[in-house]
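Structure, as structure tokens:
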Amino acid sequence: MLKKYIQKSLKTKEILLMTHIVVGYPSLDASMKIVEEMVKAGVDLIELQIPFSEPMADGPVILKANQKSLELGTTVKGCFEFAQNVSSRFDIPFLFMTYYNILYKYGVQSFVEDMVKVGIKGAIIPDLPPEEGLEYEEAMKSNNLCPIYIFSPTTTDERMRYISSCGKGFIYCMARKGVTGKTTQFSNELDEYFEKCRKNTSLPLAVGFGVKEKADIDYLKGKADIAVIGSQTIRLVDEKGIEAVGDFIKGL
Amino acid sequence: MSNDRGYYGEFGGAFIPEILVATFDELIRQFRKVKDDPSFWQTYSDLMSNYSCRPTPLTFAENLTRHFGGAKIYIKREDLNHTGAHKANNVMGQGLLVQRMGKTRVIAETGAGQHGVATATMAAKFGFECTIYMGEVDVKRQRPNVFWMEQMGATVIPVTDGTRILKDAINEAFRDWVTNMDNTHYVLGTACGPHPFPEMVSFFQSIIGKEARQQILELEGKLPTRVFACVGGGSNAMGLFSGFPDNSVECVGVEAAGYGLHTGQHASRLCSPDATVGVAQGYKTYFLQNDDGQMKETHSIAAGLDYIGVSPILSRMHQKGEARFESATDKEVIDAVKLTMKKEGIIPALESAHAFAGAFREAAELSSDDIIIINQSGRGDKDIFTIADAFGDPKWREFIKEKALDYK
Ligand SMILES: Cc1ncc(COP(=O)(O)O)c(C=O)c1O
């Protein structure tokens, strides 16, 4: 489903844009407004991060947003309600991003079934390697949802093919080592890595980690199918307020 | 013991981000090589005897034995390791592994600061660069250890996120590692975390149990009835327990009851109903978490036990009834420190004192034919500020006040 949507959208655009929010940061109402701004500005997909107390793969910006959201009382149930609201209001695919414990405690099967109910199309779980995710993968696929797996610059060719066989929808390529939110030098040195990713999967490629300005996205055109903006919009909301999000995205 | 993804029954595993998969593959490969190589164990135990006073004594606690009038009490003296705790066993072992992997930098989390000090020491000896992550709360309560780490050349980074204790330091160490794994090894300090850490840390700590078994057989000609160890992440307990797999020896792990199990302010994962199975920090085990899977705040007077999770190997032993888990409150722990000092002239670390408190509760009900071994995982000198406060010693207060004036 996702794959078809991506391929169809690519007929009219050179590259698609996926953005990210932490649900409940800086508040639930604000999250709704941010999503609205993003959709109006033409974003193609949105990741909704369910906050977790131990976000191991996230850098300072998203980490603080997770903590703040939890302090304000965001619950997993609240995130499902939020997801239901946005997916019924806006006509683009929404994905969940969170850590495995959130699914595990909820019950993987029920979590996946409830994703279907609220209209979420897929999920990105950065601490769940495919070897540990058999139950999850099966539940997702049998419910027609997309488990999105990750390629990293240290992933071997053989492993990329294995990961690709477990995933669905698209592959998330980390542009560099490290956590979210740090700068990445998007230069031709990365060409080889993206060619390697392309060679080892027939799924569309999303590239994230450090994408934050127009030049980054221009570089990615022709190499990736989706550019992912993560921490940068959170930073923008912190510094300039929600209203700045729309213009920022249009500028990309 | 574990399968090749590091599962002990349903517990363990390796829930790691993709970027670290290659690093873990390499670590597992190197660890397998040294584990299967008998000459490595020889190198390791030579290093420990030359640098860290091993074998540590098994001290007969004659006065405590008389005091309780029950089982004969022996104390395994891990406090006499170089740097004052069992942590050195694990750290020196991993240090040898780092040399083999050709890495030049080590990072570690620390709670009580013992593991941080041991890592800083190892880094100084082997010539590695060293960064230690420590929760801001623990930096405050274990200041002397921070001082020593810095003097040995380590950079100590106070962690101000989350609950600002051990688990938050672990998260930060992982964040460093995913960026710098090419030249950096993460020296995890306890038998937790993703595979192969639980197995690897237990392997190095097994030196405790190997020695204790041999020593008690030499001294008494028979095995103990019960062995006691405190349980933070579980590494000193795994070290001792692994020496006594016999059905006749009961292994007792003592967790932190903090202000009391009923208060919710504790760090008891296995002996309280408050913990449930979950996945965090790279592994599956019992965690103190809420229904949504968010980790709770924990409390213990002992920074080294103040942790949300527990070794997956101990969770498995708990499930199979291969070990019994008890708890001791902050107050019981302070009383145990007082008694041990008065009777034996030995100062256990607040962490270790949990094992003492647990053993003291049971010593009298056993007979003089019974033997118990208490693992003194560390020495209490580092806790002088906390212990002096708990004892409410007026002369110490005066001293600190005067000292502060000197710095004005
Ligand atoms: C002296 C001492 N004992 C025990 C512990 C608890 O760790 P573990 O359960 O891994 O032995 C610590 C941890 O910092 C410690 O410093």
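Quick note on naming: the chains in the structure tokens go A, B, ... in the order shown, residues restart at 1 in each chain, and ligands are numbered from 1 in order of appearance.
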
Original post:
Within 8 Å of ligand 1, counting only C-alpha atoms and all ligand atoms: which residues, as JSON, numbers by chain?
Top reply: {"B": [79, 84, 85, 86, 87, 110, 111, 112, 113, 114, 115, 189, 190, 191, 230, 231, 232, 233, 234, 235, 236, 237, 238, 303, 304, 305, 310, 349, 350, 351, 352, 376, 377, 378, 379, 380]}

What are the nearest atom pairs, with distances in Å to one decimal, for all residues of chain A that come at most 10 Å from chain B, using only C-alpha atoms, set out by chain and rising residue number as a Markdown table?
| residue | atom | partner | partner_atom | distance |
| --- | --- | --- | --- | --- |
| A:Pro51 | CA | B:Gln294 | CA | 8.9 |
| A:Phe52 | CA | B:Gln294 | CA | 6.1 |
| A:Ser53 | CA | B:Gln294 | CA | 5.4 |
| A:Glu54 | CA | B:Asn171 | CA | 7.0 |
| A:Pro55 | CA | B:Asn171 | CA | 7.7 |
| A:Met56 | CA | B:Asn171 | CA | 5.4 |
| A:Ala57 | CA | B:Arg175 | CA | 6.5 |
| A:Asp58 | CA | B:Arg175 | CA | 7.7 |
| A:Gly59 | CA | B:Arg175 | CA | 7.4 |
| A:Pro60 | CA | B:Asp161 | CA | 8.9 |
| A:Leu63 | CA | B:Asp161 | CA | 8.3 |
| A:Lys64 | CA | B:Asp161 | CA | 7.7 |
| A:Asn66 | CA | B:Gly162 | CA | 9.9 |
| A:Gln67 | CA | B:Gly162 | CA | 7.0 |
| A:Lys68 | CA | B:Gly162 | CA | 9.9 |
| A:Leu70 | CA | B:Gln294 | CA | 8.8 |
| A:Thr75 | CA | B:Asp292 | CA | 6.9 |
| A:Val76 | CA | B:Asp292 | CA | 6.3 |
| A:Lys77 | CA | B:Asp292 | CA | 8.6 |
| A:Tyr99 | CA | B:Ala280 | CA | 8.4 |
| A:Tyr100 | CA | B:Val279 | CA | 6.8 |
| A:Asn101 | CA | B:Val279 | CA | 5.0 |
| A:Ile102 | CA | B:Gly293 | CA | 5.5 |
| A:Leu103 | CA | B:Gly293 | CA | 8.5 |
| A:Tyr104 | CA | B:Gly278 | CA | 6.7 |
| A:Lys105 | CA | B:Gly293 | CA | 5.6 |
| A:Tyr106 | CA | B:Asp292 | CA | 6.9 |
| A:Ile125 | CA | B:Pro17 | CA | 9.0 |
| A:Pro126 | CA | B:Pro17 | CA | 5.5 |
| A:Asp127 | CA | B:Pro17 | CA | 4.8 |
| A:Leu128 | CA | B:Phe15 | CA | 5.5 |
| A:Pro129 | CA | B:Phe15 | CA | 6.4 |
| A:Pro130 | CA | B:Glu18 | CA | 9.4 |
| A:Glu131 | CA | B:Arg5 | CA | 8.9 |
| A:Glu132 | CA | B:Phe15 | CA | 6.9 |
| A:Gly133 | CA | B:Phe15 | CA | 9.3 |
| A:Tyr149 | CA | B:Glu18 | CA | 8.8 |
| A:Ile150 | CA | B:Glu18 | CA | 6.5 |
| A:Phe151 | CA | B:Glu18 | CA | 6.8 |
| A:Ser152 | CA | B:Ile19 | CA | 5.3 |
| A:Pro153 | CA | B:Ile19 | CA | 7.2 |
| A:Thr154 | CA | B:Ile19 | CA | 6.1 |
| A:Thr155 | CA | B:Ala22 | CA | 7.0 |
| A:Thr156 | CA | B:Ala22 | CA | 8.4 |
| A:Arg159 | CA | B:Val21 | CA | 9.9 |
| A:Ile163 | CA | B:Glu18 | CA | 10.0 |
| A:Met174 | CA | B:Ile19 | CA | 8.4 |
| A:Arg176 | CA | B:Thr179 | CA | 8.6 |
| A:Lys177 | CA | B:Thr179 | CA | 5.1 |
| A:Gly178 | CA | B:Thr179 | CA | 3.8 |
| A:Val179 | CA | B:Arg175 | CA | 6.2 |
| A:Thr180 | CA | B:Arg175 | CA | 9.6 |

**OP:** Identify, with DSSP run on backbone atoms, the residues in stretch 182-224 of chain A assigned to helix (DSSP H, G or I), and express the list as a list in words.
**Re:** Asn188, Glu189, Leu190, Asp191, Glu192, Tyr193, Phe194, Glu195, Lys196, Cys197, Arg198, Lys199, Lys214, Ala215, Asp216, Ile217, Asp218, Tyr219 and Leu220 of chain A

Original post:
What is the atom CA of B:Thr386-atom CA of B:Ala404 distance in Å, reported with one decimal?
Top reply: 17.3 Å

Subject >> All residues 6 Å or closer to B:Ser202, only C-alpha atoms, same chain fewer than 3 positions away omitted, as a ChimeraX atom specification >> reply: /B:199,205-206,238-239

Take the selection from the previous step and output its residues with all heavy atoms, as a PDB file, in the first residue's frame.
ATOM      1  N   GLU B 199      26.428 -12.537  29.481  1.00  0.00           N
ATOM      2  CA  GLU B 199      27.294 -13.719  29.510  1.00  0.00           C
ATOM      3  C   GLU B 199      28.753 -13.327  29.745  1.00  0.00           C
ATOM      4  O   GLU B 199      29.477 -13.971  30.515  1.00  0.00           O
ATOM      5  CB  GLU B 199      27.160 -14.477  28.184  1.00  0.00           C
ATOM      6  CG  GLU B 199      28.011 -15.741  28.139  1.00  0.00           C
ATOM      7  CD  GLU B 199      27.935 -16.448  26.786  1.00  0.00           C
ATOM      8  OE1 GLU B 199      27.036 -16.125  25.979  1.00  0.00           O
ATOM      9  OE2 GLU B 199      28.788 -17.319  26.542  1.00  0.00           O
ATOM     10  N   GLN B 205      33.298 -12.287  36.033  1.00  0.00           N
ATOM     11  CA  GLN B 205      33.017 -12.297  37.478  1.00  0.00           C
ATOM     12  C   GLN B 205      33.043 -13.701  38.064  1.00  0.00           C
ATOM     13  O   GLN B 205      33.121 -13.860  39.292  1.00  0.00           O
ATOM     14  CB  GLN B 205      31.657 -11.633  37.774  1.00  0.00           C
ATOM     15  CG  GLN B 205      31.580 -10.143  37.472  1.00  0.00           C
ATOM     16  CD  GLN B 205      32.482  -9.289  38.365  1.00  0.00           C
ATOM     17  OE1 GLN B 205      33.190  -9.792  39.248  1.00  0.00           O
ATOM     18  NE2 GLN B 205      32.472  -7.986  38.129  1.00  0.00           N
ATOM     19  N   SER B 206      33.013 -14.717  37.224  1.00  0.00           N
ATOM     20  CA  SER B 206      32.996 -16.086  37.756  1.00  0.00           C
ATOM     21  C   SER B 206      34.256 -16.392  38.549  1.00  0.00           C
ATOM     22  O   SER B 206      34.322 -17.371  39.285  1.00  0.00           O
ATOM     23  CB  SER B 206      32.800 -17.100  36.623  1.00  0.00           C
ATOM     24  OG  SER B 206      33.971 -17.157  35.815  1.00  0.00           O
ATOM     25  N   MET B 238      26.035 -13.034  40.101  1.00  0.00           N
ATOM     26  CA  MET B 238      26.352 -14.058  39.094  1.00  0.00           C
ATOM     27  C   MET B 238      27.743 -14.635  39.356  1.00  0.00           C
ATOM     28  O   MET B 238      27.968 -15.836  39.207  1.00  0.00           O
ATOM     29  CB  MET B 238      26.304 -13.462  37.677  1.00  0.00           C
ATOM     30  CG  MET B 238      24.924 -13.366  37.067  1.00  0.00           C
ATOM     31  SD  MET B 238      24.037 -14.921  37.097  1.00  0.00           S
ATOM     32  CE  MET B 238      25.184 -15.971  36.187  1.00  0.00           C
ATOM     33  N   GLY B 239      28.687 -13.750  39.718  1.00  0.00           N
ATOM     34  CA  GLY B 239      30.050 -14.195  39.982  1.00  0.00           C
ATOM     35  C   GLY B 239      30.101 -15.212  41.101  1.00  0.00           C
ATOM     36  O   GLY B 239      30.731 -16.274  40.969  1.00  0.00           O
TER      37      GLY B 239
END

**OP:** Tell me, in Å to one decimal, how far atom CA of B:Tyr286 is from atom CA of B:Ser327.
**Re:**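 So the two atoms, atom CA of B:Tyr286 and atom CA of B:Ser327, lie 15.6 Å apart.
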
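Excluding B:Val106 and any residue on its chain fewer than 4 positions from it, the residues at most 7 Å away by only C-alpha atoms are B:Phe128, B:Glu129, B:Cys130, B:Thr131, B:Thr184, B:His185, B:Tyr186, B:Val187.
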
Original post:
Do you know which residues are at most 10 Å from B:Arg54 counting only C-alpha atoms, after dropping those on the same chain fewer than 6 positions away, and could you put them as a PyMOL selection string?
Top reply: chain B and resi 45-48+77-78+80-82+89+207-208+211

Original post:
In Å, how far is it from atom CA of B:Leu366 to atom CA of B:Leu261?
Top reply: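 According to the coordinates, atom CA of B:Leu366 and atom CA of B:Leu261 are separated by 25.8 Å.
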
**OP:** Quick one: everything within 12 Å of A:Gln7, counting only C-alpha atoms, minus sequence neighbours fewer than 4 positions away in the same chain. Send it as a list in words.
**Re:** Met1, Leu2, Lys3, Lys11, Thr12, Lys13, Glu14, Ile15, Leu16, Asp44, Gly169, Phe170, Ser202, Leu203, Pro204, Leu205, Asp225 and Ile226 of chain A

Requested write-out: N, CA, C and O atoms of the selected residues, as a PDB file, in the first residue's frame:
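This went into part.pdb:
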ATOM      1  N   MET A   1       0.821  -1.211   0.000  1.00  0.00           N
ATOM      2  CA  MET A   1       0.000   0.000   0.000  1.00  0.00           C
ATOM      3  C   MET A   1       0.858   1.266   0.000  1.00  0.00           C
ATOM      4  O   MET A   1       0.714   2.129  -0.834  1.00  0.00           O
ATOM      5  N   LEU A   2       1.752   1.292   1.020  1.00  0.00           N
ATOM      6  CA  LEU A   2       2.656   2.429   1.121  1.00  0.00           C
ATOM      7  C   LEU A   2       3.531   2.551  -0.113  1.00  0.00           C
ATOM      8  O   LEU A   2       3.742   3.627  -0.660  1.00  0.00           O
ATOM      9  N   LYS A   3       4.045   1.399  -0.536  1.00  0.00           N
ATOM     10  CA  LYS A   3       4.943   1.378  -1.691  1.00  0.00           C
ATOM     11  C   LYS A   3       4.240   1.970  -2.922  1.00  0.00           C
ATOM     12  O   LYS A   3       4.800   2.807  -3.625  1.00  0.00           O
ATOM     13  N   LYS A  11       5.687  10.080  -9.353  1.00  0.00           N
ATOM     14  CA  LYS A  11       5.455  10.420 -10.759  1.00  0.00           C
ATOM     15  C   LYS A  11       5.366  11.929 -10.943  1.00  0.00           C
ATOM     16  O   LYS A  11       5.658  12.462 -11.995  1.00  0.00           O
ATOM     17  N   THR A  12       4.907  12.624  -9.880  1.00  0.00           N
ATOM     18  CA  THR A  12       4.756  14.080 -10.005  1.00  0.00           C
ATOM     19  C   THR A  12       5.792  14.874  -9.216  1.00  0.00           C
ATOM     20  O   THR A  12       5.848  16.085  -9.294  1.00  0.00           O
ATOM     21  N   LYS A  13       6.595  14.185  -8.403  1.00  0.00           N
ATOM     22  CA  LYS A  13       7.589  14.901  -7.591  1.00  0.00           C
ATOM     23  C   LYS A  13       8.933  14.207  -7.709  1.00  0.00           C
ATOM     24  O   LYS A  13       8.985  12.989  -7.858  1.00  0.00           O
ATOM     25  N   GLU A  14       9.989  14.989  -7.586  1.00  0.00           N
ATOM     26  CA  GLU A  14      11.323  14.397  -7.669  1.00  0.00           C
ATOM     27  C   GLU A  14      11.680  13.592  -6.425  1.00  0.00           C
ATOM     28  O   GLU A  14      12.372  12.598  -6.477  1.00  0.00           O
ATOM     29  N   ILE A  15      11.214  14.117  -5.282  1.00  0.00           N
ATOM     30  CA  ILE A  15      11.496  13.436  -4.018  1.00  0.00           C
ATOM     31  C   ILE A  15      10.353  13.745  -3.059  1.00  0.00           C
ATOM     32  O   ILE A  15       9.750  14.825  -3.130  1.00  0.00           O
ATOM     33  N   LEU A  16      10.017  12.783  -2.209  1.00  0.00           N
ATOM     34  CA  LEU A  16       8.938  13.016  -1.244  1.00  0.00           C
ATOM     35  C   LEU A  16       9.540  13.469   0.079  1.00  0.00           C
ATOM     36  O   LEU A  16      10.737  13.292   0.330  1.00  0.00           O
ATOM     37  N   ASP A  44       4.474  14.612   2.490  1.00  0.00           N
ATOM     38  CA  ASP A  44       3.892  13.400   1.909  1.00  0.00           C
ATOM     39  C   ASP A  44       3.608  12.300   2.919  1.00  0.00           C
ATOM     40  O   ASP A  44       2.731  11.460   2.716  1.00  0.00           O
ATOM     41  N   GLY A 169       6.967  -1.579   2.396  1.00  0.00           N
ATOM     42  CA  GLY A 169       6.683  -0.144   2.308  1.00  0.00           C
ATOM     43  C   GLY A 169       7.872   0.646   1.815  1.00  0.00           C
ATOM     44  O   GLY A 169       7.897   1.120   0.702  1.00  0.00           O
ATOM     45  N   PHE A 170       8.858   0.785   2.662  1.00  0.00           N
ATOM     46  CA  PHE A 170      10.127   1.387   2.252  1.00  0.00           C
ATOM     47  C   PHE A 170      11.200   1.023   3.269  1.00  0.00           C
ATOM     48  O   PHE A 170      10.912   0.402   4.290  1.00  0.00           O
ATOM     49  N   SER A 202      14.540  -3.627  -3.411  1.00  0.00           N
ATOM     50  CA  SER A 202      13.662  -3.080  -4.445  1.00  0.00           C
ATOM     51  C   SER A 202      12.649  -2.140  -3.805  1.00  0.00           C
ATOM     52  O   SER A 202      11.807  -1.554  -4.476  1.00  0.00           O
ATOM     53  N   LEU A 203      12.723  -1.990  -2.482  1.00  0.00           N
ATOM     54  CA  LEU A 203      11.810  -1.072  -1.792  1.00  0.00           C
ATOM     55  C   LEU A 203      12.289   0.366  -1.972  1.00  0.00           C
ATOM     56  O   LEU A 203      13.485   0.607  -2.139  1.00  0.00           O
ATOM     57  N   PRO A 204      11.374   1.327  -1.916  1.00  0.00           N
ATOM     58  CA  PRO A 204      11.791   2.731  -1.958  1.00  0.00           C
ATOM     59  C   PRO A 204      12.711   3.056  -0.780  1.00  0.00           C
ATOM     60  O   PRO A 204      12.636   2.406   0.262  1.00  0.00           O
ATOM     61  N   LEU A 205      13.568   4.062  -0.962  1.00  0.00           N
ATOM     62  CA  LEU A 205      14.513   4.445   0.082  1.00  0.00           C
ATOM     63  C   LEU A 205      14.152   5.792   0.687  1.00  0.00           C
ATOM     64  O   LEU A 205      13.975   6.773  -0.036  1.00  0.00           O
ATOM     65  N   ASP A 225      14.173   8.298  -2.408  1.00  0.00           N
ATOM     66  CA  ASP A 225      12.792   8.546  -2.796  1.00  0.00           C
ATOM     67  C   ASP A 225      12.095   9.461  -1.801  1.00  0.00           C
ATOM     68  O   ASP A 225      11.155  10.154  -2.129  1.00  0.00           O
ATOM     69  N   ILE A 226      12.581   9.389  -0.554  1.00  0.00           N
ATOM     70  CA  ILE A 226      11.959  10.188   0.514  1.00  0.00           C
ATOM     71  C   ILE A 226      13.067  10.823   1.344  1.00  0.00           C
ATOM     72  O   ILE A 226      14.023  10.142   1.719  1.00  0.00           O
TER      73      ILE A 226
END

**OP:** Considering only C-alpha atoms, return as a VMD selection string whatever protein or nucleic-acid residues lie within 12 Å of B:Ser272, sequence-local ones (same chain, fewer than 3 positions apart) excluded.
**Re:** chain B and resid 254 to 258 260 to 269 275 to 276 286 to 288 325 to 328

**OP:** Determine the nearest neighbour of B:Gln30 from the options B:Leu97, B:Glu362, B:Thr298, B:Ala120, counting only C-alpha atoms.
**Re:**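 So, comparing all the options, the nearest one is B:Leu97.
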
Original post:
What residues in stretch 20-243 of chain A get the DSSP label strand (DSSP E or B)? Please answer as a PyMOL selection string.
Top reply: chain A and resi 20-22+45-49+94-97+122-124+146-148+150-151+171-174+205-208+221+224+226-229
